[in-house]
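S.K.: This is start.txt, which holds compact mmCIF, C-alpha atoms:
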```txt
# COMPACT_ATOMS: atom_id res chain seq x y z
CA MET A 1 94.87 154.28 -58.44
CA LYS A 2 91.76 154.31 -56.31
CA ARG A 3 89.80 155.91 -59.16
CA ILE A 4 91.08 153.29 -61.60
CA VAL A 5 89.96 150.46 -59.31
CA ILE A 6 86.54 152.02 -58.89
CA ARG A 7 86.16 152.40 -62.65
CA VAL A 8 87.24 148.82 -63.26
CA LEU A 9 84.76 147.53 -60.67
CA ALA A 10 82.02 149.68 -62.13
CA VAL A 11 82.72 148.37 -65.63
CA ALA A 12 82.82 144.80 -64.31
CA ALA A 13 79.55 145.31 -62.48
CA ALA A 14 77.97 146.81 -65.57
CA LEU A 15 79.17 143.88 -67.65
CA ALA A 16 77.90 141.41 -65.07
CA VAL A 17 74.49 143.10 -64.92
CA GLY A 18 74.40 143.21 -68.68
CA PHE A 19 75.32 139.52 -68.94
CA VAL A 20 72.76 138.52 -66.33
CA GLY A 21 70.19 140.63 -68.11
CA THR A 22 71.03 138.98 -71.43
CA VAL A 23 70.74 135.52 -69.90
CA TRP A 24 67.44 136.43 -68.26
CA ILE A 25 66.05 137.80 -71.53
CA ASP A 26 67.22 134.77 -73.52
CA VAL A 27 65.65 132.19 -71.19
CA HIS A 28 62.36 134.12 -71.24
CA ARG A 29 62.30 134.39 -75.02
CA ALA A 30 60.94 131.53 -77.10
CA PRO A 31 62.46 130.43 -80.42
CA ALA A 32 60.40 131.56 -83.40
CA ASP A 33 61.21 128.77 -85.86
CA ASN A 34 58.79 125.82 -86.20
CA ALA A 35 56.52 127.17 -83.46
CA GLY A 36 53.79 124.72 -82.55
CA GLU A 37 55.73 121.56 -83.41
CA VAL A 38 55.43 118.90 -80.68
CA VAL A 39 58.71 117.31 -79.61
CA ARG A 40 59.22 114.36 -77.26
CA VAL A 41 62.41 114.25 -75.22
CA THR A 42 63.38 111.33 -72.99
CA VAL A 43 65.66 112.10 -70.05
CA PRO A 44 67.39 108.90 -68.92
CA ALA A 45 68.76 108.45 -65.44
CA GLY A 46 72.28 109.80 -65.02
CA GLN A 47 72.34 111.94 -68.16
CA PRO A 48 74.53 115.06 -67.66
CA PHE A 49 72.58 118.30 -67.79
CA ALA A 50 75.02 119.73 -70.31
CA LEU A 51 74.14 116.94 -72.73
CA LEU A 52 70.41 117.45 -72.13
CA VAL A 53 70.47 121.17 -73.01
CA HIS A 54 72.44 120.45 -76.18
CA ARG A 55 69.74 117.95 -77.15
CA LEU A 56 67.07 120.57 -76.45
CA GLN A 57 68.92 123.02 -78.70
CA GLY A 58 69.33 120.40 -81.41
CA ARG A 59 65.56 119.76 -81.38
CA GLY A 60 64.85 123.47 -81.81
CA LEU A 61 63.33 123.91 -78.35
CA ILE A 62 65.85 126.50 -77.08
CA ARG A 63 68.13 129.05 -78.74
CA SER A 64 71.27 128.52 -76.68
CA ALA A 65 72.31 125.49 -74.66
CA ARG A 66 75.03 127.56 -72.97
CA VAL A 67 72.63 130.25 -71.76
CA LEU A 68 70.12 127.78 -70.31
CA ARG A 69 72.95 125.83 -68.66
CA LEU A 70 74.25 129.00 -66.98
CA TYR A 71 70.77 129.99 -65.84
CA ALA A 72 70.06 126.51 -64.46
CA ALA A 73 73.40 126.45 -62.61
CA ALA A 74 72.73 129.89 -61.09
CA THR A 75 69.28 128.83 -59.89
CA ARG A 76 70.51 125.31 -58.94
CA ALA A 77 67.72 123.90 -61.10
CA ASP A 78 70.21 121.62 -62.88
CA ARG A 79 70.39 119.54 -59.68
CA HIS A 80 66.69 118.67 -59.68
CA ILE A 81 65.95 117.40 -63.20
CA HIS A 82 63.50 114.47 -63.35
CA THR A 83 63.88 111.44 -65.58
CA GLY A 84 61.20 110.28 -67.97
CA THR A 85 59.68 111.28 -71.30
CA PHE A 86 58.58 114.89 -71.71
CA GLU A 87 56.47 116.41 -74.45
CA PHE A 88 57.34 120.01 -75.34
CA THR A 89 55.98 122.37 -77.94
CA VAL A 90 58.37 124.51 -79.98
CA GLY A 91 57.59 128.04 -78.92
CA GLU A 92 57.64 127.38 -75.17
CA ARG A 93 60.01 129.65 -73.26
CA PRO A 94 63.25 127.97 -72.15
CA VAL A 95 62.50 128.95 -68.54
CA ASP A 96 59.16 127.09 -68.76
CA ILE A 97 60.84 124.04 -70.27
CA LEU A 98 63.31 124.07 -67.39
CA ARG A 99 60.50 124.43 -64.85
CA ARG A 100 58.69 121.41 -66.29
CA LEU A 101 61.89 119.37 -66.19
CA VAL A 102 62.28 120.24 -62.51
CA GLU A 103 58.62 119.59 -61.65
CA GLY A 104 58.66 116.24 -63.40
CA ASP A 105 55.86 117.14 -65.79
CA ILE A 106 56.43 113.95 -67.74
CA LEU A 107 54.22 112.71 -70.55
CA ARG A 108 51.31 110.66 -69.25
CA VAL A 109 48.66 108.73 -71.15
CA SER A 110 45.12 108.32 -69.86
CA VAL A 111 44.03 104.65 -69.95
CA THR A 112 40.55 103.55 -68.85
CA VAL A 113 39.96 99.98 -67.73
CA PRO A 114 36.19 99.32 -67.62
CA GLU A 115 34.58 97.26 -64.87
CA GLY A 116 34.33 93.60 -65.78
CA TYR A 117 37.45 93.43 -67.95
CA ALA A 118 39.37 90.16 -67.83
CA MET A 119 43.15 90.19 -67.64
CA TRP A 120 43.71 89.73 -71.38
CA GLU A 121 41.45 92.71 -72.04
CA ILE A 122 43.34 94.76 -69.45
CA ALA A 123 46.64 93.81 -71.07
CA GLY A 124 45.46 95.15 -74.41
CA SER A 125 44.21 98.42 -72.88
CA PHE A 126 47.69 99.66 -72.05
CA ARG A 127 48.98 99.50 -75.61
CA ALA A 128 47.97 103.17 -75.75
CA ALA A 129 50.79 103.80 -73.27
CA ALA A 130 53.29 101.81 -75.39
CA ILE A 131 53.17 98.80 -73.04
CA ASP A 132 53.23 95.46 -74.80
CA SER A 133 50.26 93.24 -73.98
CA VAL A 134 52.53 90.20 -73.62
CA ASP A 135 54.57 92.04 -70.99
CA MET A 136 51.37 93.04 -69.20
CA LEU A 137 50.11 89.45 -69.09
CA ALA A 138 53.48 88.32 -67.74
CA ALA A 139 53.28 90.96 -65.00
CA ILE A 140 49.69 89.93 -64.16
CA ARG A 141 50.84 86.31 -63.83
CA ASN A 142 54.00 87.25 -61.89
CA PRO A 143 54.49 84.40 -59.37
CA ALA A 144 56.61 86.57 -57.05
CA GLU A 145 53.81 89.12 -56.66
CA ARG A 146 51.23 86.37 -56.15
CA GLN A 147 53.42 84.79 -53.48
CA ARG A 148 53.95 88.13 -51.76
CA ARG A 149 50.18 88.66 -51.56
CA GLU A 150 49.50 85.00 -50.76
CA ILE A 151 47.25 84.61 -53.80
CA ARG A 152 46.82 80.95 -54.71
CA ALA A 153 45.11 81.62 -58.03
CA PRO A 154 47.19 81.37 -61.24
CA SER A 155 47.23 85.15 -61.76
CA LEU A 156 46.34 88.54 -60.29
CA GLU A 157 43.01 88.39 -62.12
CA GLY A 158 40.42 90.38 -60.18
CA TYR A 159 42.97 92.27 -58.09
CA LEU A 160 43.53 94.96 -60.75
CA PHE A 161 41.01 97.68 -59.98
CA PRO A 162 39.08 98.99 -63.00
CA ASP A 163 39.58 102.74 -63.22
CA THR A 164 41.11 105.51 -65.32
CA TYR A 165 44.88 105.65 -64.90
CA GLN A 166 47.42 108.29 -65.81
CA VAL A 167 50.33 106.19 -67.02
CA ALA A 168 53.79 107.63 -67.46
CA TRP A 169 55.04 107.16 -71.01
CA GLY A 170 57.73 104.52 -70.87
CA ALA A 171 56.40 102.90 -67.68
CA THR A 172 56.94 99.17 -67.35
CA ALA A 173 54.16 96.61 -67.17
CA GLY A 174 55.19 95.82 -63.60
CA GLU A 175 54.84 99.46 -62.58
CA VAL A 176 51.33 99.64 -64.04
CA VAL A 177 50.27 96.44 -62.29
CA GLU A 178 51.57 97.86 -58.99
CA GLN A 179 49.55 101.03 -59.63
CA MET A 180 46.38 99.00 -60.18
CA LEU A 181 47.01 96.78 -57.15
CA ALA A 182 47.53 99.85 -54.96
CA ARG A 183 44.23 101.26 -56.17
CA MET A 184 42.45 98.02 -55.22
CA ASP A 185 44.11 98.09 -51.79
CA ARG A 186 42.48 101.48 -51.13
CA VAL A 187 39.04 100.01 -51.85
CA PHE A 188 39.48 97.59 -48.95
CA ASP A 189 39.06 100.25 -46.29
CA ALA A 190 38.27 99.66 -42.60
CA GLU A 191 34.52 99.46 -43.26
CA LEU A 192 34.88 96.82 -45.97
CA ILE A 193 37.35 94.82 -43.89
CA GLN A 194 34.82 94.80 -41.04
CA LEU A 195 32.04 93.63 -43.35
CA LEU A 196 34.01 90.74 -44.80
CA SER A 197 35.11 89.78 -41.28
CA GLU A 198 31.46 89.61 -40.21
CA ARG A 199 30.74 87.44 -43.26
CA GLU A 200 33.77 85.29 -42.45
CA MET A 201 35.03 85.80 -45.99
CA THR A 202 38.60 86.39 -47.14
CA PRO A 203 39.46 89.23 -49.54
CA HIS A 204 40.12 86.57 -52.19
CA GLU A 205 36.66 85.07 -51.73
CA VAL A 206 35.08 88.52 -51.85
CA LEU A 207 36.85 89.42 -55.09
CA THR A 208 35.97 86.05 -56.61
CA LEU A 209 32.26 86.39 -55.82
CA ALA A 210 32.31 90.09 -56.79
CA SER A 211 33.77 89.23 -60.18
CA ILE A 212 30.89 86.85 -60.91
CA ILE A 213 28.38 89.50 -59.79
CA GLU A 214 30.13 92.01 -62.07
CA ALA A 215 29.93 89.64 -65.01
CA GLU A 216 26.22 88.93 -64.42
CA ALA A 217 24.86 92.37 -63.53
CA ARG A 218 23.66 94.74 -66.23
CA VAL A 219 21.36 96.75 -63.96
CA ALA A 220 23.21 98.38 -61.06
CA SER A 221 20.37 97.94 -58.56
CA GLU A 222 20.41 94.15 -59.09
CA ARG A 223 23.95 93.61 -57.81
CA PRO A 224 22.92 93.04 -54.17
CA VAL A 225 20.08 90.75 -55.28
CA ILE A 226 22.37 88.65 -57.47
CA SER A 227 24.77 88.50 -54.53
CA ALA A 228 21.96 87.26 -52.31
CA VAL A 229 21.15 84.46 -54.76
CA TYR A 230 24.75 83.24 -54.72
CA HIS A 231 24.98 83.49 -50.93
CA ASN A 232 21.76 81.48 -50.67
CA ARG A 233 23.07 78.78 -52.97
CA LEU A 234 26.40 78.56 -51.14
CA ALA A 235 24.60 78.32 -47.79
CA ARG A 236 22.46 75.44 -49.09
CA GLY A 237 25.39 73.56 -50.59
CA MET A 238 24.20 74.15 -54.15
CA ARG A 239 26.49 74.72 -57.11
CA LEU A 240 26.62 78.35 -58.25
CA GLU A 241 25.95 77.38 -61.89
CA ALA A 242 27.14 80.78 -63.10
CA ASP A 243 27.46 81.03 -66.88
CA PRO A 244 30.29 83.63 -66.77
CA THR A 245 32.57 81.15 -65.01
CA VAL A 246 32.09 78.69 -67.88
CA ALA A 247 32.81 81.44 -70.42
CA TYR A 248 35.99 82.26 -68.48
CA ALA A 249 37.02 78.61 -68.59
CA MET A 250 36.55 78.85 -72.37
CA ASP A 251 39.08 81.71 -72.59
CA GLY A 252 36.47 84.44 -72.45
CA TYR A 253 33.99 82.99 -74.93
CA ARG A 254 31.44 85.68 -75.89
CA GLY A 255 28.73 83.69 -77.65
CA ARG A 256 25.69 81.89 -76.28
CA LEU A 257 26.66 78.89 -74.17
CA LEU A 258 25.42 75.46 -75.20
CA PHE A 259 24.54 72.58 -72.89
CA ARG A 260 27.73 70.77 -73.90
CA ASP A 261 29.78 73.79 -72.83
CA LEU A 262 28.53 73.33 -69.28
CA GLU A 263 30.44 70.03 -69.13
CA ILE A 264 33.86 71.60 -69.76
CA ASP A 265 36.47 70.16 -67.41
CA SER A 266 37.79 73.19 -65.56
CA PRO A 267 37.99 74.22 -61.90
CA TYR A 268 36.29 77.44 -63.00
CA ASN A 269 33.19 75.57 -64.21
CA THR A 270 30.71 76.19 -61.41
CA TYR A 271 28.22 73.83 -63.06
CA ARG A 272 30.51 70.90 -62.22
CA ASN A 273 32.30 72.13 -59.10
CA MET A 274 30.97 73.12 -55.71
CA GLY A 275 31.69 76.48 -54.12
CA LEU A 276 33.55 79.43 -55.59
CA PRO A 277 36.00 79.00 -58.48
CA PRO A 278 39.75 79.20 -57.70
CA GLY A 279 39.83 82.96 -58.24
CA PRO A 280 38.14 85.96 -59.83
CA ILE A 281 37.07 85.81 -63.47
CA CYS A 282 37.33 89.56 -64.16
CA SER A 283 38.05 92.88 -62.43
CA PRO A 284 35.02 93.87 -60.32
CA GLY A 285 34.19 97.48 -59.55
CA GLU A 286 33.62 98.79 -56.05
CA ALA A 287 29.83 98.40 -56.27
CA SER A 288 30.13 94.68 -57.00
CA ILE A 289 32.77 94.24 -54.28
CA ARG A 290 30.49 95.81 -51.70
CA ALA A 291 27.51 93.82 -52.97
CA ALA A 292 29.50 90.62 -52.42
CA VAL A 293 29.73 91.34 -48.67
CA SER A 294 26.37 93.13 -48.39
CA PRO A 295 23.76 91.00 -50.22
CA ALA A 296 20.18 92.22 -50.30
CA ASP A 297 18.17 91.39 -47.18
CA ASP A 298 15.07 89.20 -47.24
CA VAL A 299 15.86 87.71 -50.64
CA ASP A 300 15.23 83.97 -50.71
CA ALA A 301 15.65 83.51 -54.47
CA LEU A 302 17.91 80.69 -55.69
CA TYR A 303 17.74 81.26 -59.45
CA PHE A 304 17.70 84.07 -61.98
CA VAL A 305 17.51 84.39 -65.74
CA ALA A 306 18.34 87.35 -67.96
CA ARG A 307 15.67 89.19 -69.87
CA GLY A 308 16.24 90.91 -73.20
CA ASP A 309 16.78 94.32 -71.60
CA GLY A 310 19.60 93.10 -69.34
CA SER A 311 17.49 92.86 -66.19
CA HIS A 312 16.79 89.52 -64.51
CA VAL A 313 13.84 87.51 -63.26
CA PHE A 314 14.53 85.99 -59.83
CA SER A 315 12.89 82.76 -58.68
CA ARG A 316 12.68 80.87 -55.41
CA SER A 317 12.08 77.41 -56.87
CA LEU A 318 13.29 75.40 -59.85
CA ARG A 319 9.72 75.27 -61.17
CA GLU A 320 9.40 79.07 -61.09
CA HIS A 321 12.82 79.36 -62.69
CA ARG A 322 11.90 77.07 -65.60
CA GLN A 323 8.79 79.13 -66.22
CA ALA A 324 10.89 82.31 -66.16
CA VAL A 325 13.38 80.78 -68.60
CA GLU A 326 10.60 79.94 -71.05
CA ALA A 327 9.15 83.44 -70.72
CA ALA A 328 12.58 84.96 -71.33
CA ARG A 329 13.04 82.82 -74.45
CA ARG A 330 9.67 83.89 -75.80
CA GLU A 331 10.56 87.50 -75.11
CA ARG A 332 13.90 87.17 -76.95
CA ARG A 333 12.21 85.46 -79.92
CA ALA A 334 9.63 88.25 -80.09
CA GLN A 335 12.37 90.87 -80.03
CA ALA A 336 14.33 89.03 -82.75
CA ASN A 337 11.25 88.91 -84.99
CA GLY A 338 10.77 92.64 -84.65
```
Could you write out this file's structure as structure tokens?
M.R.:
Amino acid sequence: MKRIVIRVLAVAAALAVGFVGTVWIDVHRAPADNAGEVVRVTVPAGQPFALLVHRLQGRGLIRSARVLRLYAAATRADRHIHTGTFEFTVGERPVDILRRLVEGDILRVSVTVPEGYAMWEIAGSFRAAAIDSVDMLAAIRNPAERQRREIRAPSLEGYLFPDTYQVAWGATAGEVVEQMLARMDRVFDAELIQLLSEREMTPHEVLTLASIIEAEARVASERPVISAVYHNRLARGMRLEADPTVAYAMDGYRGRLLFRDLEIDSPYNTYRNMGLPPGPICSPGEASIRAAVSPADDVDALYFVARGDGSHVFSRSLREHRQAVEAARRERRAQANG
């Protein structure tokens, strides 16, 4: 009897080792059919793992749903599956697919938001991540978020930091806006907070001025000088008379402004209204934000006009400015005539 028991246990052990070996081999062996085909699989919250592996088998990503389910149960991996959309390639080993499901290697799309983009341009940028621009605009105008941050402007314009974002496929517009807001929060470090405190400026005022600097500057080195001009005008009680604020009031008009455009009735028209506009007119980059609180020293200019190459001529008096404007016009005419 003792010999029989030993033989039975030996056979059972051999079968178990053989089964484990078969499972191990199967999960480390990739399917050969349709190798190279890219397959997207979305794992919703609460989906049973058994259903997921059957879907993987149905899409040709694994040979046997049963084998992968047994392997995942033995390694307890089935308890740590992430939700989201994954992109797999037919030919990956089942064990690698399982590892990516556990690590949360979800599909992400790279979206770049350039400095100076207005909110409607930002909204359109995330279409590459399958986020509707209307939903993005709604999230940017979200009154609850504005109230939470005590922003009195009509939107989160200017608070969405321009950068390159890795956006999870299937993310909501609200999640993306939170990601951009968090990135802007990191820009306002202890050093910047100290600088704006010394200037007696609020973060909202800094972002508003920075957005105008961003819209005006084409040469990086001129940002602090442009900032100094606006600080000088504010200190003297002069209107900013910044063309980009008028263009913003005209829904982002891109053409050359006419004299009649400067009369548009809008709180964003700094030709008619004193001080800063109600809020930012675009998303400023970090260089413009820091220029807003650190204007160039010893700059007493009150005016500037753009030249054809994007640089500016800065003037201390209205007479000098008018002369610079005429020179800039002659320069542009000469360039247009070849």
S.K.: Taking 2 positions as the minimum chain separation for residues in the same chain, which residues sit within 12 Å of A:Pro44 when counting all atoms listed in the file? Answer as a PDB file with C-alpha atoms, in the frame of the given file.
M.R.:
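Resulting contents of around.pdb:
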```
ATOM      1  CA  VAL A  41      62.410 114.250 -75.220  1.00  0.00           C
ATOM      2  CA  THR A  42      63.380 111.330 -72.990  1.00  0.00           C
ATOM      3  CA  GLY A  46      72.280 109.800 -65.020  1.00  0.00           C
ATOM      4  CA  GLN A  47      72.340 111.940 -68.160  1.00  0.00           C
ATOM      5  CA  PRO A  48      74.530 115.060 -67.660  1.00  0.00           C
ATOM      6  CA  PHE A  49      72.580 118.300 -67.790  1.00  0.00           C
ATOM      7  CA  LEU A  51      74.140 116.940 -72.730  1.00  0.00           C
ATOM      8  CA  LEU A  52      70.410 117.450 -72.130  1.00  0.00           C
ATOM      9  CA  ILE A  81      65.950 117.400 -63.200  1.00  0.00           C
ATOM     10  CA  HIS A  82      63.500 114.470 -63.350  1.00  0.00           C
ATOM     11  CA  THR A  83      63.880 111.440 -65.580  1.00  0.00           C
ATOM     12  CA  GLY A  84      61.200 110.280 -67.970  1.00  0.00           C
ATOM     13  CA  THR A  85      59.680 111.280 -71.300  1.00  0.00           C
ATOM     14  CA  PHE A  86      58.580 114.890 -71.710  1.00  0.00           C
ATOM     15  CA  GLY A 170      57.730 104.520 -70.870  1.00  0.00           C
TER      16      GLY A 170
END
```
S.K.: Compile the contact shell of A:Phe304 as a compact mmCIF listing (two decimals) with C-alpha atoms, in the frame of the given file: residues with an atom at most 7 Å away, counting all atoms listed in the file, same-chain residues fewer than 5 positions apart removed.
M.R.:
```
# COMPACT_ATOMS: atom_id res chain seq x y z
CA HIS A 312 16.79 89.52 -64.51
CA VAL A 313 13.84 87.51 -63.26
CA PHE A 314 14.53 85.99 -59.83
CA SER A 315 12.89 82.76 -58.68
CA HIS A 321 12.82 79.36 -62.69
```
S.K.: Could you pull the residues within 6 Å of stretch 224-240 of chain A, counting all atoms listed in the file, minus those fewer than 4 positions along the same chain, as an MDAnalysis selection string?
M.R.: chainID A and resid 270 274 291:292 295:296 301:302
S.K.: What separation in Å, quoted to one decimal, exists between atom CA of A:Leu98 and atom CA of A:Ala45?
M.R.: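 Computing it gives 16.7 Å between the two atoms.
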S.K.: So what do you get for atom CA of A:Arg108 versus atom CA of A:Val187, distance-wise?
M.R.: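 Here the two named atoms are 23.8 Å from each other.
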S.K.: Expressed in Å to a single decimal, how great is the separation between atom CA of A:Arg307 and atom CA of A:Arg330?
M.R.: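 Going from atom CA of A:Arg307 over to atom CA of A:Arg330 covers 10.0 Å.
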S.K.: Could you check which of A:Arg29, A:Arg141, A:Arg186, A:Arg63 is closest to A:Phe161, using all atoms listed in the file?
M.R.: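 Closest to A:Phe161 of all the choices is A:Arg186.
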S.K.: Wanna dump the stretch 238-330 of chain A-stretch 189-205 of chain A contacts at 9 Å for me, each residue with its shortest atom pair and the distance in Å to one decimal, counting only C-alpha atoms, ordered by chain and number, as CSV?
M.R.:
```
residue,atom,partner,partner_atom,distance
A:Leu276,CA,A:Glu205,CA,7.5
A:Pro278,CA,A:Glu205,CA,8.9
A:Gly279,CA,A:His204,CA,7.1
A:Pro280,CA,A:His204,CA,7.9
A:Ile289,CA,A:Leu192,CA,9.0
A:Arg290,CA,A:Leu192,CA,7.3
A:Ala292,CA,A:Leu196,CA,8.9
A:Val293,CA,A:Leu196,CA,5.8
A:Ser294,CA,A:Leu195,CA,7.6
```
S.K.: May I have the residues from that selection written out with C-alpha atoms, as a tab-separated table (two decimals), keeping the file's coordinate frame?
M.R.:
```tsv
chain	number	residue	atom	x	y	z
A	276	LEU	CA	33.55	79.43	-55.59
A	278	PRO	CA	39.75	79.20	-57.70
A	279	GLY	CA	39.83	82.96	-58.24
A	280	PRO	CA	38.14	85.96	-59.83
A	289	ILE	CA	32.77	94.24	-54.28
A	290	ARG	CA	30.49	95.81	-51.70
A	292	ALA	CA	29.50	90.62	-52.42
A	293	VAL	CA	29.73	91.34	-48.67
A	294	SER	CA	26.37	93.13	-48.39
```
S.K.: Enclose the full set of atoms of stretch 62-69 of chain A listed in the file within a box whose edges lie along x, y and z, apply 8 Å of padding to each of the six sides, and report centre and edge lengths in Å to one decimal as AutoDock Vina command-line options.
M.R.:
```
--center_x 70.4 --center_y 127.9 --center_z -73.7 --size_x 25.2 --size_y 20.8 --size_z 26.1
```
S.K.: So which one's closest to A:Leu209, A:Ser266, A:Thr89, A:Ser283, A:Ser125? Using only C-alpha atoms, please.
M.R.: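 Between A:Ser266, A:Thr89, A:Ser283, A:Ser125, the residue approaching A:Leu209 most closely is A:Ser283.
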S.K.: Residues within 10 Å of A:Ala138, please, as a ChimeraX atom specification. Count only C-alpha atoms; anything in the same chain fewer than 3 positions from it doesn't count.
M.R.: /A:123,133-135,141-143,155,173-174
S.K.: Restricting the calculation to all atoms listed in the file, which member of A:Ala139, A:Ile122, A:Leu181, A:Ala128 is positioned closest to A:Cys282?
M.R.: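 Using all atoms listed in the file, A:Cys282 sits closest to A:Ile122.
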S.K.: Find the residues around stretch 211-215 of chain A up to 6 Å (all atoms listed in the file counted), leave out those fewer than 3 positions away in its own chain, and share them as a PyMOL selection string.
M.R.: chain A and resi 116+207-208+280-282+284+288
S.K.: Output file request: stretch 139-165 of chain A, with C-alpha atoms, as a compact mmCIF listing (two decimals), in the first residue's frame.
M.R.:
```txt
# COMPACT_ATOMS: atom_id res chain seq x y z
CA ALA A 139 -13.94 72.33 -18.88
CA ILE A 140 -11.84 75.50 -19.34
CA ARG A 141 -14.90 77.61 -18.50
CA ASN A 142 -15.95 75.35 -15.60
CA PRO A 143 -17.41 77.74 -12.97
CA ALA A 144 -16.81 75.27 -10.12
CA GLU A 145 -13.07 75.14 -10.84
CA ARG A 146 -12.90 78.92 -11.20
CA GLN A 147 -14.69 79.33 -7.88
CA ARG A 148 -12.39 76.83 -6.18
CA ARG A 149 -9.34 78.80 -7.36
CA GLU A 150 -11.01 82.16 -6.74
CA ILE A 151 -10.57 83.21 -10.36
CA ARG A 152 -12.92 86.06 -11.24
CA ALA A 153 -12.25 85.91 -14.98
CA PRO A 154 -14.81 84.15 -17.22
CA SER A 155 -12.53 81.15 -17.82
CA LEU A 156 -9.27 79.43 -16.88
CA GLU A 157 -7.57 81.22 -19.77
CA GLY A 158 -3.89 81.71 -18.95
CA TYR A 159 -3.84 79.14 -16.15
CA LEU A 160 -3.26 76.20 -18.52
CA PHE A 161 0.51 75.85 -18.79
CA PRO A 162 1.83 75.41 -22.35
CA ASP A 163 3.85 72.22 -22.50
CA THR A 164 3.97 68.73 -24.01
CA TYR A 165 1.54 66.39 -22.27
```
